[in-house]
Amino acid sequence: MSLEEISQAVIDGDGELVESLVRKSLGEGLAPSKIINDGLIAGMNIVGDRFKSGDFFIPEVMMSARAMHSGLGIVKPLLSKSEEGKHGTIVICTVKGDVHDIGKNLVSMMLEGAGFRVVDLGTDVSPERILAAVREHEPQILAMSTLLTTTLPRVPEAIKALEAAGLRSKVKVMIGGAPVTQSFAQKAGADAYAPDAALAVDTAKKLLGSR
Amino acid sequence: MHTVDEAARTFMADKAGQGDKASMVDGMKKGDIPVIQTTGNTIPEAWEKSVLELWEKGARVRTEYDKEGDEPSRDATGIVIVEEPMAEPRIHLAFPGGIEELEKYRQEVLFGVHDHWIRPEEDKWTYTYHQRLAAYAPVSDLSSSKVKSPFPAVNQLQYIIDKLAKSPISRRAQGITWMPTADPATDDPPCLQRIWCRMLEADDGFLLNMNTHWRSRDAYKAAFMNMYALTDLQRWMAEEISKKMGKKVSVGRYVDISDSYHIYGSYFQEFNERFLKLVANRPFEKRVWRTDDKRVQAAIKAAQEQLAKEPRPA
């Protein structure tokens with residue numbers, strides 16, 4: 001059983017095949033962390049590169065991420081705590097009032113594919129829920145998005161809530177979404193702005209100094 | 001007739017010769033909005049051709065949504081004809097989401113699974129297409145979902161089904177979305193304005209033809225998903241009419257008419273570096289998926305499971 005086969009099944013977005021190959025690899029005694037890093041994440045890294053270079057469409061990235069998840073669902077429970085999310089933890093959400101999750105889901109999957117532990121709070125998330133998640137998961141990065149101009153003000157509001165709770169210095173904040181710009185990010189008090197999903201991974205790595 | 005890839009190659013060759021200059025549509029003078037019309041057998045084929053045609057022939061127009069430094073949009077009045085709306089492949093891969101999102105959007109339009117997100121007082125939506133078509137009730141103010149209409153809600157989808165089952169040749173089977181009483185004052189009024197259906201006799205029953213009319217349309221990032229969902233609405237209505245009439249009603253051609261069919265300037269980089277690149281480098285069969293692909297079916301099932309778990313108001 002080769003790990004390249006797992007990577008290829010991830011690239012092809014074939015979750016059924018990924019599941020069977022992962023089970024077979026475990027049966028052959030391969031370490032879960034090796035299956036994740038050299039099989040699942042390696043495949044997803046290729047998908048990320050192809051997306052970044054304009055050689056993959058978004059639904060293909062999402063399908064590959066689904067396939068990777070099929071494998072992760074089997075091997076993740078076998079990992080020790082220290083092995084899980086060794087690249088860092090990211091809490092991600094759309095801000096209060098915004099129920100559009102397509103961009104956020106894509107970013108979330110790309111980040112997970114790059115080896116981050118991602119805690120996805122979903123859509124329409126209040127500052128209170130963000131604070132609770134930051135306290136609970138102690139992420140290195142909080143990623144927030146908004147698609148609507150009407151919910152843009154919720155971004156600085158959430159950042160102010162972090163400041164008021166004394167949590168701002170403990171977490172980097174990156175933001176994105178259609179109406180968001182670099183200058184808005186600066187004014188809102190964010191640490192970084194990611195204009196699209198492919199660059200979100202690079203931005204997260206830069207923020208954590210892991211490039 | 002050109003195949004899809006022949007059409008794409010011709011387009012790429014023309015573009016190489018023209019640089020980035022738009023060619024005027026024949027008979028148009030400066031200041032006229034170009035009119036483009038494209039036909040395809042399937043949704044992906046018709047949609048892709050329409051976007052390529054728009055890119056080539058669309059007028060350069062500034063919009064109120066441009067960010068600093070954005071190029072002017074490409075804009076035209078667009079007519080897209082899908083000859084076999086239910087024929088496979090039905091999915092073009094150049095849409096901004098995954099299959100789960102596409103399935104959820106389909107269910108939003110057909111069944112109103114997100115009508116409970118119509119909560120402008122919480123910065124959420126002011127409408128959904130399903131709500132406007134299935135429970136049309138004009139109000140004077142869309143700042144709060146608590147504002148009540150003086151009129152009882154009209155289920156226009158049911159009206160179309162009942163009308164055509166009773167009078168198959170009717171020209172009145174339509175549903176509208178626009179509320180002149182309130183929409184103009186909102187930030188994001190509906191793009192879809194009207195659906196119109198008509199049946200004609202076919203060899204073995206009837207064909208349900210559908211036209212949809214759009215005020216404004218994000219051709220690159222929204223139109224494919226719209227077409228996918230609206231043609232499924234067409235299929236559902238055909239089935240309902242068939243049940244009511246006791247006769248076979250199949251899906252006829254779908255025509256999609258947009259007053260302003262546009263590609264935003266902010267998309268141009270991605271459009272050039274992904275969409276045009278993949279149109280040039282991949283055969284059409286690799287730019288589309290069939291809905292019966294096992295991977296697509298698994299993702300649709302996952303979306304249905306996610307929808308079942310979504311919190312809903314009591």
# chains A, B, ... in the order shown; residues from 1 in each chain; ligands from 1
$ interface_residues --of "chain B" --to "chain A" --cutoff "6 Å" --atoms "only C-alpha atoms" --output "MDAnalysis selection string"
chainID B and resid 93:94 97:98 122:124 273:274
$ write_last_selection --atoms "C-alpha atoms" --output "compact mmCIF listing (two decimals), in the first residue's frame"
# COMPACT_ATOMS: atom_id res chain seq x y z
CA LEU B 93 -17.20 23.28 -12.07
CA ALA B 94 -16.72 27.06 -12.20
CA GLY B 97 -18.69 26.57 -3.64
CA GLY B 98 -18.95 22.84 -3.23
CA GLU B 122 -30.68 40.87 12.61
CA ASP B 123 -28.76 42.02 9.49
CA LYS B 124 -29.83 38.81 7.72
CA GLU B 273 -6.05 33.03 -14.36
CA ARG B 274 -8.48 30.20 -13.61
$ select_by_dssp --residues "stretch 40-117 of chain A" --states "alpha helix (DSSP H)" --output "number ranges by chain"
A: 41-52, 58-75, 102-113
$ write_last_selection --atoms "C-alpha atoms" --output "compact mmCIF listing (two decimals), in the first residue's frame"
# COMPACT_ATOMS: atom_id res chain seq x y z
CA ILE A 41 -2.33 16.23 3.84
CA ALA A 42 0.23 15.58 1.11
CA GLY A 43 -2.65 15.07 -1.33
CA MET A 44 -4.44 18.15 -0.11
CA ASN A 45 -1.25 20.20 -0.43
CA ILE A 46 -1.12 19.30 -4.12
CA VAL A 47 -4.77 20.30 -4.45
CA GLY A 48 -3.99 23.62 -2.73
CA ASP A 49 -1.08 24.25 -5.08
CA ARG A 50 -3.19 23.45 -8.13
CA PHE A 51 -5.93 25.74 -6.89
CA LYS A 52 -3.47 28.54 -6.28
CA ILE A 58 -13.39 25.46 -6.27
CA PRO A 59 -15.81 22.47 -6.25
CA GLU A 60 -12.85 20.19 -6.93
CA VAL A 61 -11.03 21.60 -3.89
CA MET A 62 -14.14 21.08 -1.79
CA MET A 63 -14.53 17.52 -3.07
CA SER A 64 -10.89 16.75 -2.26
CA ALA A 65 -11.38 18.22 1.20
CA ARG A 66 -14.41 15.95 1.69
CA ALA A 67 -12.27 12.98 0.66
CA MET A 68 -9.52 14.03 3.07
CA HIS A 69 -12.13 14.28 5.84
CA SER A 70 -13.29 10.73 5.12
CA GLY A 71 -9.77 9.58 5.91
CA LEU A 72 -9.24 11.93 8.82
CA GLY A 73 -12.44 10.64 10.43
CA ILE A 74 -10.80 7.22 10.67
CA VAL A 75 -7.27 8.15 11.75
CA ILE A 102 -19.33 29.17 1.12
CA GLY A 103 -16.14 31.25 1.38
CA LYS A 104 -15.67 30.40 5.03
CA ASN A 105 -16.05 26.66 4.31
CA LEU A 106 -13.50 26.83 1.53
CA VAL A 107 -10.98 28.64 3.73
CA SER A 108 -11.66 26.22 6.56
CA MET A 109 -11.00 23.19 4.36
CA MET A 110 -7.87 24.70 2.85
CA LEU A 111 -6.50 25.46 6.33
CA GLU A 112 -7.25 21.96 7.53
CA GLY A 113 -5.67 20.57 4.40
$ atom_distance --atom1 "atom CA of B:Asp141" --atom2 "atom CA of B:Ser216"
21.9 Å
$ residues_around --residues "A:Ala200" --least-positions-apart "4" --cutoff "9 Å" --atoms "only C-alpha atoms" --output "list in words"
Val107, Met110, Leu111, Met174, Ile175, Gly176, Tyr193, Ala194, Pro195, Asp196, Ala204 and Lys205 of chain A
$ residues_around --residues "B:Arg215" --least-positions-apart "6" --cutoff "12 Å" --atoms "only C-alpha atoms" --output "mmCIF file with N, CA and C atoms, in the first residue's frame"
data_model
loop_
_atom_site.group_PDB
_atom_site.id
_atom_site.type_symbol
_atom_site.label_atom_id
_atom_site.label_comp_id
_atom_site.auth_asym_id
_atom_site.auth_seq_id
_atom_site.Cartn_x
_atom_site.Cartn_y
_atom_site.Cartn_z
ATOM 1 N N ALA B 76 -23.800 43.194 -20.487
ATOM 2 C CA ALA B 76 -24.643 43.080 -21.693
ATOM 3 C C ALA B 76 -26.029 42.631 -21.263
ATOM 4 N N THR B 77 -26.989 42.780 -22.146
ATOM 5 C CA THR B 77 -28.260 42.095 -21.944
ATOM 6 C C THR B 77 -28.033 40.682 -22.455
ATOM 7 N N GLY B 78 -28.353 39.703 -21.606
ATOM 8 C CA GLY B 78 -27.980 38.330 -21.933
ATOM 9 C C GLY B 78 -29.168 37.395 -22.030
ATOM 10 N N ILE B 176 -44.001 36.616 -9.795
ATOM 11 C CA ILE B 176 -43.077 37.753 -9.716
ATOM 12 C C ILE B 176 -42.422 37.815 -8.331
ATOM 13 N N THR B 177 -41.336 38.561 -8.250
ATOM 14 C CA THR B 177 -40.665 38.709 -6.952
ATOM 15 C C THR B 177 -40.669 40.159 -6.466
ATOM 16 N N TRP B 178 -40.637 41.101 -7.389
ATOM 17 C CA TRP B 178 -40.375 42.502 -7.042
ATOM 18 C C TRP B 178 -41.505 43.118 -6.230
ATOM 19 N N PRO B 189 -31.729 44.228 -3.394
ATOM 20 C CA PRO B 189 -33.044 43.773 -3.875
ATOM 21 C C PRO B 189 -32.913 42.574 -4.806
ATOM 22 N N PRO B 190 -34.002 41.816 -5.015
ATOM 23 C CA PRO B 190 -33.895 40.581 -5.803
ATOM 24 C C PRO B 190 -33.400 40.818 -7.228
ATOM 25 N N CYS B 191 -32.567 39.907 -7.705
ATOM 26 C CA CYS B 191 -32.117 39.937 -9.100
ATOM 27 C C CYS B 191 -33.190 39.290 -9.979
ATOM 28 N N LEU B 192 -33.703 38.141 -9.530
ATOM 29 C CA LEU B 192 -34.779 37.489 -10.282
ATOM 30 C C LEU B 192 -36.048 38.322 -10.154
ATOM 31 N N GLN B 193 -36.667 38.592 -11.296
ATOM 32 C CA GLN B 193 -37.896 39.386 -11.280
ATOM 33 C C GLN B 193 -39.139 38.544 -11.526
ATOM 34 N N ARG B 194 -39.025 37.568 -12.404
ATOM 35 C CA ARG B 194 -40.242 36.893 -12.853
ATOM 36 C C ARG B 194 -39.896 35.531 -13.423
ATOM 37 N N ASP B 256 -33.251 32.011 -20.153
ATOM 38 C CA ASP B 256 -32.816 32.833 -19.028
ATOM 39 C C ASP B 256 -32.445 34.220 -19.578
ATOM 40 N N ILE B 257 -33.194 35.236 -19.165
ATOM 41 C CA ILE B 257 -33.040 36.565 -19.768
ATOM 42 C C ILE B 257 -32.621 37.574 -18.688
ATOM 43 N N SER B 258 -31.430 38.160 -18.861
ATOM 44 C CA SER B 258 -30.939 39.136 -17.872
ATOM 45 C C SER B 258 -30.798 40.504 -18.521
ATOM 46 N N ASP B 259 -31.383 41.519 -17.900
ATOM 47 C CA ASP B 259 -31.237 42.891 -18.417
ATOM 48 C C ASP B 259 -29.769 43.309 -18.356
ATOM 49 N N SER B 260 -29.164 43.113 -17.189
ATOM 50 C CA SER B 260 -27.727 43.402 -17.047
ATOM 51 C C SER B 260 -27.031 42.106 -16.647
ATOM 52 N N TYR B 261 -26.394 41.473 -17.620
ATOM 53 C CA TYR B 261 -25.654 40.226 -17.395
ATOM 54 C C TYR B 261 -24.191 40.648 -17.336
ATOM 55 N N HIS B 262 -23.556 40.481 -16.170
ATOM 56 C CA HIS B 262 -22.242 41.113 -16.036
ATOM 57 C C HIS B 262 -21.200 40.254 -15.327
#
$ select_by_dssp --residues "stretch 32-208 of chain A" --states "strand (DSSP E)" --output "ChimeraX atom specification"
/A:89-94,117-120,141-145,172-176,192-193
$ residues_around --residues "A:Gly39" --least-positions-apart "4" --cutoff "6 Å" --atoms "only C-alpha atoms" --output "MDAnalysis selection string"
chainID A and resid 3 6:7 35
$ write_last_selection --atoms "N, CA and C atoms" --output "PDB file, in the first residue's frame"
ATOM      1  N   LEU A   3       1.408   5.411   0.148  1.00  0.00           N
ATOM      2  CA  LEU A   3       0.749   6.635   0.598  1.00  0.00           C
ATOM      3  C   LEU A   3       0.396   7.522  -0.585  1.00  0.00           C
ATOM      4  N   ILE A   6      -3.128   7.090  -1.536  1.00  0.00           N
ATOM      5  CA  ILE A   6      -4.063   7.862  -0.690  1.00  0.00           C
ATOM      6  C   ILE A   6      -4.080   9.309  -1.172  1.00  0.00           C
ATOM      7  N   SER A   7      -2.893   9.863  -1.414  1.00  0.00           N
ATOM      8  CA  SER A   7      -2.810  11.248  -1.902  1.00  0.00           C
ATOM      9  C   SER A   7      -3.597  11.398  -3.199  1.00  0.00           C
ATOM     10  N   ILE A  35       0.045   8.439   7.907  1.00  0.00           N
ATOM     11  CA  ILE A  35      -1.071   8.402   6.931  1.00  0.00           C
ATOM     12  C   ILE A  35      -1.609   9.818   6.728  1.00  0.00           C
TER      13      ILE A  35
END
